[in-house]
Amino acid sequence: MIEIQEAKNENFDGTVEELKERMFMYPHFIDGLLSGDFQEMPREEIEKIVDREFFSFEPLTPLDTEQEKLLRGVILKRLTFAVNHQDLRLFCGDVFTDDGRLIYGDVKDKNGVKLSAQEKLDIFFNPELCNEMRCIQLYDNGSTYERHGWAGYGNRDLVGHYFGREGDFKEILRDIRNATGKEFLKVLDLGCGMGKALQDMKDIDPHLETHGVTMEQELGMFNPDVFHYMASERLPADFRGQFDLITSNVSFRYYFLQHIALRNAVLALSKGGLARLAVSCERIPNGEEYYHYFKKIVPEAENQYEAMKILLGREVHKLKRLKDEGKIDFSIRPWFEEDNQGFMTIEKKEDFDETELND
Ligand SMILES: C[S@@+](CC[C@H](N)C(=O)[O-])C[C@H]1O[C@@H](n2cnc3c(N)ncnc32)[C@H](O)[C@@H]1O
């Protein structure tokens with residue numbers, strides 16, 4: 001683990017303006033680090049980001065007006081939470097380092113060496129530090145909260161989470177190369193978080209182009225080739241047939257329209273490509289507006305979770321039909337059958353008529 005004092009940020013060797021351009025969800029935080037005064041990003045700015053990044057292109061699977069409106073609300077809420085996270089204000093105040101730990105909080109007396117604005121920029125936008133440093137938050141009632149890394153949402157390693165062993169990953173790449181006839185493969189991780197698994201993939205096999213879809217930028221993002229800040233329910237039409245390997249780990253559970261995301265994954269596969277997806281919906285967004293929507297489209301379901309399981313079941317039924325026609329191969333773990341949730345792999349063997357996946 002690198003020491004905070006030795007922070008040298010290879011992600012940030014340019015100007016502050018360049019950093020702001022790359023970390024376009026955090027210009028207000030960068031300004032706050034430099035001035036010592038954090039101003040939240042206003043709602044209109046967040047809305048502009050959502051419209052530009054998530055909705056300005058033709059989608060792979062068209063959504064109806066109500067789906068678009070609800071999805072926009074889900075995205076807006078998630079981005080607002082991330083870019084105006086309460087700790088960002090604290091990081092713009094006095095932050096100290098002591099014995100390799102980062103100490104911050106709403107109290108005046110903190111021990112250690114006070115960090116300069118430059119040091120903070122080096123630390124917070126450095127993936128290794130952001131994910132590894134010991135952080136201690138001090139509260140004015142005297143209590144403390146300690147955690148390993150200030151990573152936000154998801155930074156899991158490839159081996160141990162996406163794949164049991166490195167050899168399993170290599171074996172799958174070998175099979176995909178055989179099936180596609182390609183040496184250089186394009187990989188897409190749906191809900192890639194900070195992109196750690198994608199970076200691991202490329203470290204293991206450099207003949208990959210790594211793409212990650214995630215909703216929110218986080219501070220210490222890793223270095224896949226391309227981040228796409230968008231929703232898996234609304235991928236761009238130009239993803240069609242593009243990816244030789246598609247993965248998804250601990251991500252589907254949060255989606256609003258899991259069945260559409262599953263369809264998009266199938267549509268984004270190249271011929272010979274393979275998708276390995278952990279599909280579930282137990283954290284599907286909750287709220288009156290979503291409840292009304294799902295009640296309308298799946299009246300027999302008690303809530304949106306049950307509704308989504310039914311919708312996923314219908315989607316899987318279509319995939320089974322494609323399998324019977326020899327267009328795809330597809331396997332699910334036994335418990336998937338009972339719950340319409342679980343781990344699945346889909347291999348695209350032949351091009352097929354996409355209307356077979358329509359509702
Ligand atoms: C818990 S993190 C998991 C990250 C990473 N896959 C891992 O295993 O560490 C959840 C990820 O799902 C993403 N996510 C949530 N809802 C999404 C949606 N509708 N479309 C795309 N990504 C979404 C989040 O942005 C985040 O990248």
# chains A, B, ... in the order shown; residues from 1 in each chain; ligands from 1
$ closest_atom_pairs --of "chain A" --to "ligand 1" --cutoff "10 Å" --atoms "only C-alpha atoms and all ligand atoms" --output "Markdown table"
| residue | atom | partner | partner_atom_place_in_ligand_line | distance |
| --- | --- | --- | --- | --- |
| A:Phe54 | CA | ligand 1 | 20 (N) | 9.8 |
| A:Leu71 | CA | ligand 1 | 19 (N) | 7.9 |
| A:Arg72 | CA | ligand 1 | 19 (N) | 9.9 |
| A:Val74 | CA | ligand 1 | 19 (N) | 8.0 |
| A:Ile75 | CA | ligand 1 | 19 (N) | 7.4 |
| A:Arg78 | CA | ligand 1 | 25 (O) | 8.2 |
| A:Leu79 | CA | ligand 1 | 25 (O) | 9.0 |
| A:Ala82 | CA | ligand 1 | 25 (O) | 9.8 |
| A:Gly152 | CA | ligand 1 | 2 (S) | 8.5 |
| A:Tyr153 | CA | ligand 1 | 2 (S) | 4.8 |
| A:Gly154 | CA | ligand 1 | 9 (O) | 3.5 |
| A:Asn155 | CA | ligand 1 | 9 (O) | 4.0 |
| A:Arg156 | CA | ligand 1 | 9 (O) | 3.7 |
| A:Asp157 | CA | ligand 1 | 9 (O) | 7.1 |
| A:Leu158 | CA | ligand 1 | 8 (O) | 8.3 |
| A:His161 | CA | ligand 1 | 8 (O) | 6.9 |
| A:Tyr162 | CA | ligand 1 | 8 (O) | 7.3 |
| A:Asp189 | CA | ligand 1 | 6 (N) | 7.3 |
| A:Leu190 | CA | ligand 1 | 22 (N) | 6.0 |
| A:Gly191 | CA | ligand 1 | 12 (O) | 3.6 |
| A:Cys192 | CA | ligand 1 | 6 (N) | 4.1 |
| A:Gly193 | CA | ligand 1 | 27 (O) | 3.1 |
| A:Met194 | CA | ligand 1 | 27 (O) | 6.7 |
| A:Gly195 | CA | ligand 1 | 5 (C) | 7.1 |
| A:Lys196 | CA | ligand 1 | 9 (O) | 7.4 |
| A:Ala197 | CA | ligand 1 | 7 (C) | 7.3 |
| A:Leu198 | CA | ligand 1 | 6 (N) | 9.4 |
| A:Gly212 | CA | ligand 1 | 27 (O) | 8.5 |
| A:Val213 | CA | ligand 1 | 21 (C) | 5.8 |
| A:Thr214 | CA | ligand 1 | 25 (O) | 4.1 |
| A:Met215 | CA | ligand 1 | 25 (O) | 3.9 |
| A:Glu216 | CA | ligand 1 | 25 (O) | 5.2 |
| A:Gln217 | CA | ligand 1 | 25 (O) | 8.0 |
| A:Glu218 | CA | ligand 1 | 27 (O) | 9.1 |
| A:His228 | CA | ligand 1 | 21 (C) | 9.3 |
| A:Tyr229 | CA | ligand 1 | 21 (C) | 7.9 |
| A:Met230 | CA | ligand 1 | 21 (C) | 6.0 |
| A:Ala231 | CA | ligand 1 | 20 (N) | 3.3 |
| A:Ser232 | CA | ligand 1 | 20 (N) | 3.9 |
| A:Glu233 | CA | ligand 1 | 19 (N) | 6.0 |
| A:Arg234 | CA | ligand 1 | 20 (N) | 7.8 |
| A:Leu235 | CA | ligand 1 | 20 (N) | 8.7 |
| A:Thr247 | CA | ligand 1 | 6 (N) | 8.5 |
| A:Ser248 | CA | ligand 1 | 6 (N) | 6.0 |
| A:Asn249 | CA | ligand 1 | 6 (N) | 4.4 |
| A:Val250 | CA | ligand 1 | 3 (C) | 4.9 |
| A:Ser251 | CA | ligand 1 | 12 (O) | 3.9 |
| A:Phe252 | CA | ligand 1 | 16 (N) | 6.8 |
| A:Arg253 | CA | ligand 1 | 16 (N) | 7.8 |
| A:Tyr254 | CA | ligand 1 | 16 (N) | 4.8 |
| A:Tyr255 | CA | ligand 1 | 19 (N) | 4.1 |
| A:Phe256 | CA | ligand 1 | 19 (N) | 6.1 |
| A:Leu257 | CA | ligand 1 | 19 (N) | 7.5 |
| A:Gln258 | CA | ligand 1 | 19 (N) | 8.1 |
| A:Ala261 | CA | ligand 1 | 20 (N) | 7.8 |
| A:Ala278 | CA | ligand 1 | 6 (N) | 9.8 |
| A:Arg283 | CA | ligand 1 | 16 (N) | 9.6 |
| A:Ile284 | CA | ligand 1 | 16 (N) | 9.0 |
| A:Pro285 | CA | ligand 1 | 16 (N) | 9.4 |
$ residues_around --residues "Asn303 of chain A" --least-positions-apart "3" --cutoff "7 Å" --atoms "only C-alpha atoms" --output "ChimeraX atom specification"
/A:291,306-307
$ residues_around --residues "Lys110 of chain A" --least-positions-apart "4" --cutoff "8 Å" --atoms "only C-alpha atoms" --output "number ranges by chain"
A: 96, 103-104
$ residues_around --residues "segment 345-351 of chain A" --least-positions-apart "6" --cutoff "7 Å" --atoms "only C-alpha atoms" --output "ChimeraX atom specification"
/A:269-277,327-332
$ residues_around --residues "Glu58 of chain A" --least-positions-apart "4" --cutoff "8 Å" --atoms "only C-alpha atoms" --output "ChimeraX atom specification"
/A:62,236-237
$ residues_around --residues "segment 23-33 of chain A" --least-positions-apart "4" --cutoff "6 Å" --atoms "only C-alpha atoms" --output "list in words"
Leu19, Asp37, Phe38, Cys92 and Ala117 of chain A
$ select_by_dssp --residues "segment 43-184 of chain A" --states "helix (DSSP H, G or I)" --output "PyMOL selection string"
chain A and resi 43-55+65-83+86-92+117-124+127-132+166-180
$ closest_residue --among "A:Leu173, A:Cys281, A:Ile246, A:Val83" --to "Ala265 of chain A" --atoms "only C-alpha atoms"
A:Ile246
$ atom_distance --atom1 "atom CA of Thr80 of chain A" --atom2 "atom CA of Lys295 of chain A"
27.3 Å
$ atom_distance --atom1 "atom CA of Asp94 of chain A" --atom2 "atom CA of Lys114 of chain A"
6.8 Å
$ residues_around --residues "His211 of chain A" --least-positions-apart "6" --cutoff "8 Å" --atoms "only C-alpha atoms" --output "list in words"
Lys186, Val187, Leu188, Asp189, Leu198, Pro224, Asp225, Val226, Phe227 and His228 of chain A
$ select_by_dssp --residues "segment 22-236 of chain A" --states "strand (DSSP E or B)" --output "ChimeraX atom specification"
/A:59,96-98,101-105,113-114,134-138,144-148,159,163,185-190,208-214,226-229,236
$ atom_distance --atom1 "atom CA of Val266 of chain A" --atom2 "atom CA of Asp64 of chain A"
19.9 Å
$ closest_residue --among "A:Phe336, A:Ala268, A:Arg321, A:Glu302" --to "Pro59 of chain A" --atoms "only C-alpha atoms"
A:Ala268
$ decode --residues "segment 157-267 of chain A" --atoms "C-alpha atoms" --output "mmCIF file, in the first residue's frame"
data_model
loop_
_atom_site.group_PDB
_atom_site.id
_atom_site.type_symbol
_atom_site.label_atom_id
_atom_site.label_comp_id
_atom_site.auth_asym_id
_atom_site.auth_seq_id
_atom_site.Cartn_x
_atom_site.Cartn_y
_atom_site.Cartn_z
ATOM 1 C CA ASP A 157 -11.144 -7.324 -8.108
ATOM 2 C CA LEU A 158 -11.592 -9.513 -11.159
ATOM 3 C CA VAL A 159 -10.242 -12.645 -9.514
ATOM 4 C CA GLY A 160 -12.280 -13.738 -6.539
ATOM 5 C CA HIS A 161 -15.373 -11.797 -7.575
ATOM 6 C CA TYR A 162 -15.972 -11.960 -11.313
ATOM 7 C CA PHE A 163 -13.967 -15.161 -11.786
ATOM 8 C CA GLY A 164 -12.902 -17.774 -9.252
ATOM 9 C CA ARG A 165 -9.378 -18.085 -10.612
ATOM 10 C CA GLU A 166 -7.263 -16.178 -13.099
ATOM 11 C CA GLY A 167 -7.121 -19.399 -15.142
ATOM 12 C CA ASP A 168 -10.930 -19.385 -15.517
ATOM 13 C CA PHE A 169 -10.780 -15.933 -17.065
ATOM 14 C CA LYS A 170 -7.975 -16.937 -19.440
ATOM 15 C CA GLU A 171 -9.857 -20.073 -20.458
ATOM 16 C CA ILE A 172 -12.942 -18.057 -21.310
ATOM 17 C CA LEU A 173 -10.914 -15.618 -23.405
ATOM 18 C CA ARG A 174 -9.409 -18.574 -25.256
ATOM 19 C CA ASP A 175 -12.889 -19.982 -25.984
ATOM 20 C CA ILE A 176 -14.147 -16.593 -27.169
ATOM 21 C CA ARG A 177 -11.121 -16.183 -29.443
ATOM 22 C CA ASN A 178 -11.887 -19.583 -30.941
ATOM 23 C CA ALA A 179 -15.560 -18.758 -31.414
ATOM 24 C CA THR A 180 -15.086 -15.251 -32.837
ATOM 25 C CA GLY A 181 -11.864 -15.852 -34.749
ATOM 26 C CA LYS A 182 -10.538 -12.605 -33.246
ATOM 27 C CA GLU A 183 -7.307 -12.136 -31.328
ATOM 28 C CA PHE A 184 -8.151 -8.639 -30.069
ATOM 29 C CA LEU A 185 -11.358 -8.681 -28.005
ATOM 30 C CA LYS A 186 -13.717 -5.964 -26.832
ATOM 31 C CA VAL A 187 -14.967 -6.340 -23.282
ATOM 32 C CA LEU A 188 -17.892 -4.556 -21.638
ATOM 33 C CA ASP A 189 -18.562 -4.575 -17.898
ATOM 34 C CA LEU A 190 -22.132 -3.494 -17.115
ATOM 35 C CA GLY A 191 -22.157 -1.611 -13.823
ATOM 36 C CA CYS A 192 -18.363 -1.579 -13.624
ATOM 37 C CA GLY A 193 -18.132 0.690 -10.565
ATOM 38 C CA MET A 194 -14.676 2.204 -10.437
ATOM 39 C CA GLY A 195 -13.391 -0.101 -13.177
ATOM 40 C CA LYS A 196 -11.034 -2.210 -11.065
ATOM 41 C CA ALA A 197 -12.040 -5.541 -12.638
ATOM 42 C CA LEU A 198 -11.561 -4.089 -16.132
ATOM 43 C CA GLN A 199 -8.119 -2.834 -15.233
ATOM 44 C CA ASP A 200 -7.287 -6.291 -13.844
ATOM 45 C CA MET A 201 -8.461 -7.897 -17.105
ATOM 46 C CA LYS A 202 -6.098 -5.794 -19.166
ATOM 47 C CA ASP A 203 -3.228 -6.449 -16.773
ATOM 48 C CA ILE A 204 -3.790 -10.172 -17.333
ATOM 49 C CA ASP A 205 -4.344 -9.918 -21.106
ATOM 50 C CA PRO A 206 -3.317 -6.743 -22.961
ATOM 51 C CA HIS A 207 -5.097 -7.813 -26.174
ATOM 52 C CA LEU A 208 -8.342 -6.389 -24.861
ATOM 53 C CA GLU A 209 -10.208 -3.134 -25.258
ATOM 54 C CA THR A 210 -11.997 -2.572 -21.980
ATOM 55 C CA HIS A 211 -15.258 -0.628 -21.672
ATOM 56 C CA GLY A 212 -17.193 0.015 -18.494
ATOM 57 C CA VAL A 213 -20.758 1.230 -18.089
ATOM 58 C CA THR A 214 -21.475 2.901 -14.793
ATOM 59 C CA MET A 215 -23.913 5.585 -13.678
ATOM 60 C CA GLU A 216 -21.692 7.768 -11.579
ATOM 61 C CA GLN A 217 -18.145 8.951 -11.699
ATOM 62 C CA GLU A 218 -16.393 8.253 -8.421
ATOM 63 C CA LEU A 219 -13.296 9.966 -7.118
ATOM 64 C CA GLY A 220 -10.540 7.393 -7.556
ATOM 65 C CA MET A 221 -11.656 5.830 -10.825
ATOM 66 C CA PHE A 222 -9.347 3.092 -12.175
ATOM 67 C CA ASN A 223 -8.108 3.017 -15.761
ATOM 68 C CA PRO A 224 -10.103 0.937 -18.210
ATOM 69 C CA ASP A 225 -9.899 2.098 -21.821
ATOM 70 C CA VAL A 226 -13.338 3.757 -21.851
ATOM 71 C CA PHE A 227 -15.919 4.642 -19.231
ATOM 72 C CA HIS A 228 -19.480 5.109 -20.474
ATOM 73 C CA TYR A 229 -21.564 7.014 -17.952
ATOM 74 C CA MET A 230 -24.971 5.650 -18.819
ATOM 75 C CA ALA A 231 -27.634 3.174 -17.763
ATOM 76 C CA SER A 232 -27.643 -0.480 -18.823
ATOM 77 C CA GLU A 233 -31.342 -0.071 -19.616
ATOM 78 C CA ARG A 234 -30.443 2.589 -22.165
ATOM 79 C CA LEU A 235 -27.257 1.613 -23.956
ATOM 80 C CA PRO A 236 -26.495 3.305 -27.280
ATOM 81 C CA ALA A 237 -27.631 1.729 -30.538
ATOM 82 C CA ASP A 238 -24.014 1.645 -31.709
ATOM 83 C CA PHE A 239 -23.228 -0.986 -29.045
ATOM 84 C CA ARG A 240 -25.161 -3.447 -31.227
ATOM 85 C CA GLY A 241 -23.047 -6.567 -31.897
ATOM 86 C CA GLN A 242 -19.891 -4.865 -30.584
ATOM 87 C CA PHE A 243 -18.703 -6.816 -27.548
ATOM 88 C CA ASP A 244 -17.009 -10.189 -27.380
ATOM 89 C CA LEU A 245 -17.225 -10.536 -23.617
ATOM 90 C CA ILE A 246 -19.847 -8.869 -21.434
ATOM 91 C CA THR A 247 -19.681 -9.180 -17.661
ATOM 92 C CA SER A 248 -21.821 -7.853 -14.841
ATOM 93 C CA ASN A 249 -21.215 -8.260 -11.131
ATOM 94 C CA VAL A 250 -23.299 -6.835 -8.239
ATOM 95 C CA SER A 251 -24.994 -4.388 -10.551
ATOM 96 C CA PHE A 252 -28.263 -5.693 -12.047
ATOM 97 C CA ARG A 253 -29.796 -5.708 -8.587
ATOM 98 C CA TYR A 254 -29.930 -1.880 -8.595
ATOM 99 C CA TYR A 255 -31.447 -1.407 -12.028
ATOM 100 C CA PHE A 256 -34.900 -0.083 -12.688
ATOM 101 C CA LEU A 257 -35.587 -2.231 -15.779
ATOM 102 C CA GLN A 258 -33.478 -5.389 -15.404
ATOM 103 C CA HIS A 259 -35.248 -7.209 -18.240
ATOM 104 C CA ILE A 260 -34.350 -4.453 -20.729
ATOM 105 C CA ALA A 261 -30.748 -4.436 -19.486
ATOM 106 C CA LEU A 262 -30.609 -8.196 -20.061
ATOM 107 C CA ARG A 263 -31.971 -7.727 -23.580
ATOM 108 C CA ASN A 264 -29.393 -5.000 -24.226
ATOM 109 C CA ALA A 265 -26.589 -7.312 -23.135
ATOM 110 C CA VAL A 266 -27.740 -9.912 -25.665
ATOM 111 C CA LEU A 267 -28.018 -7.279 -28.410
#
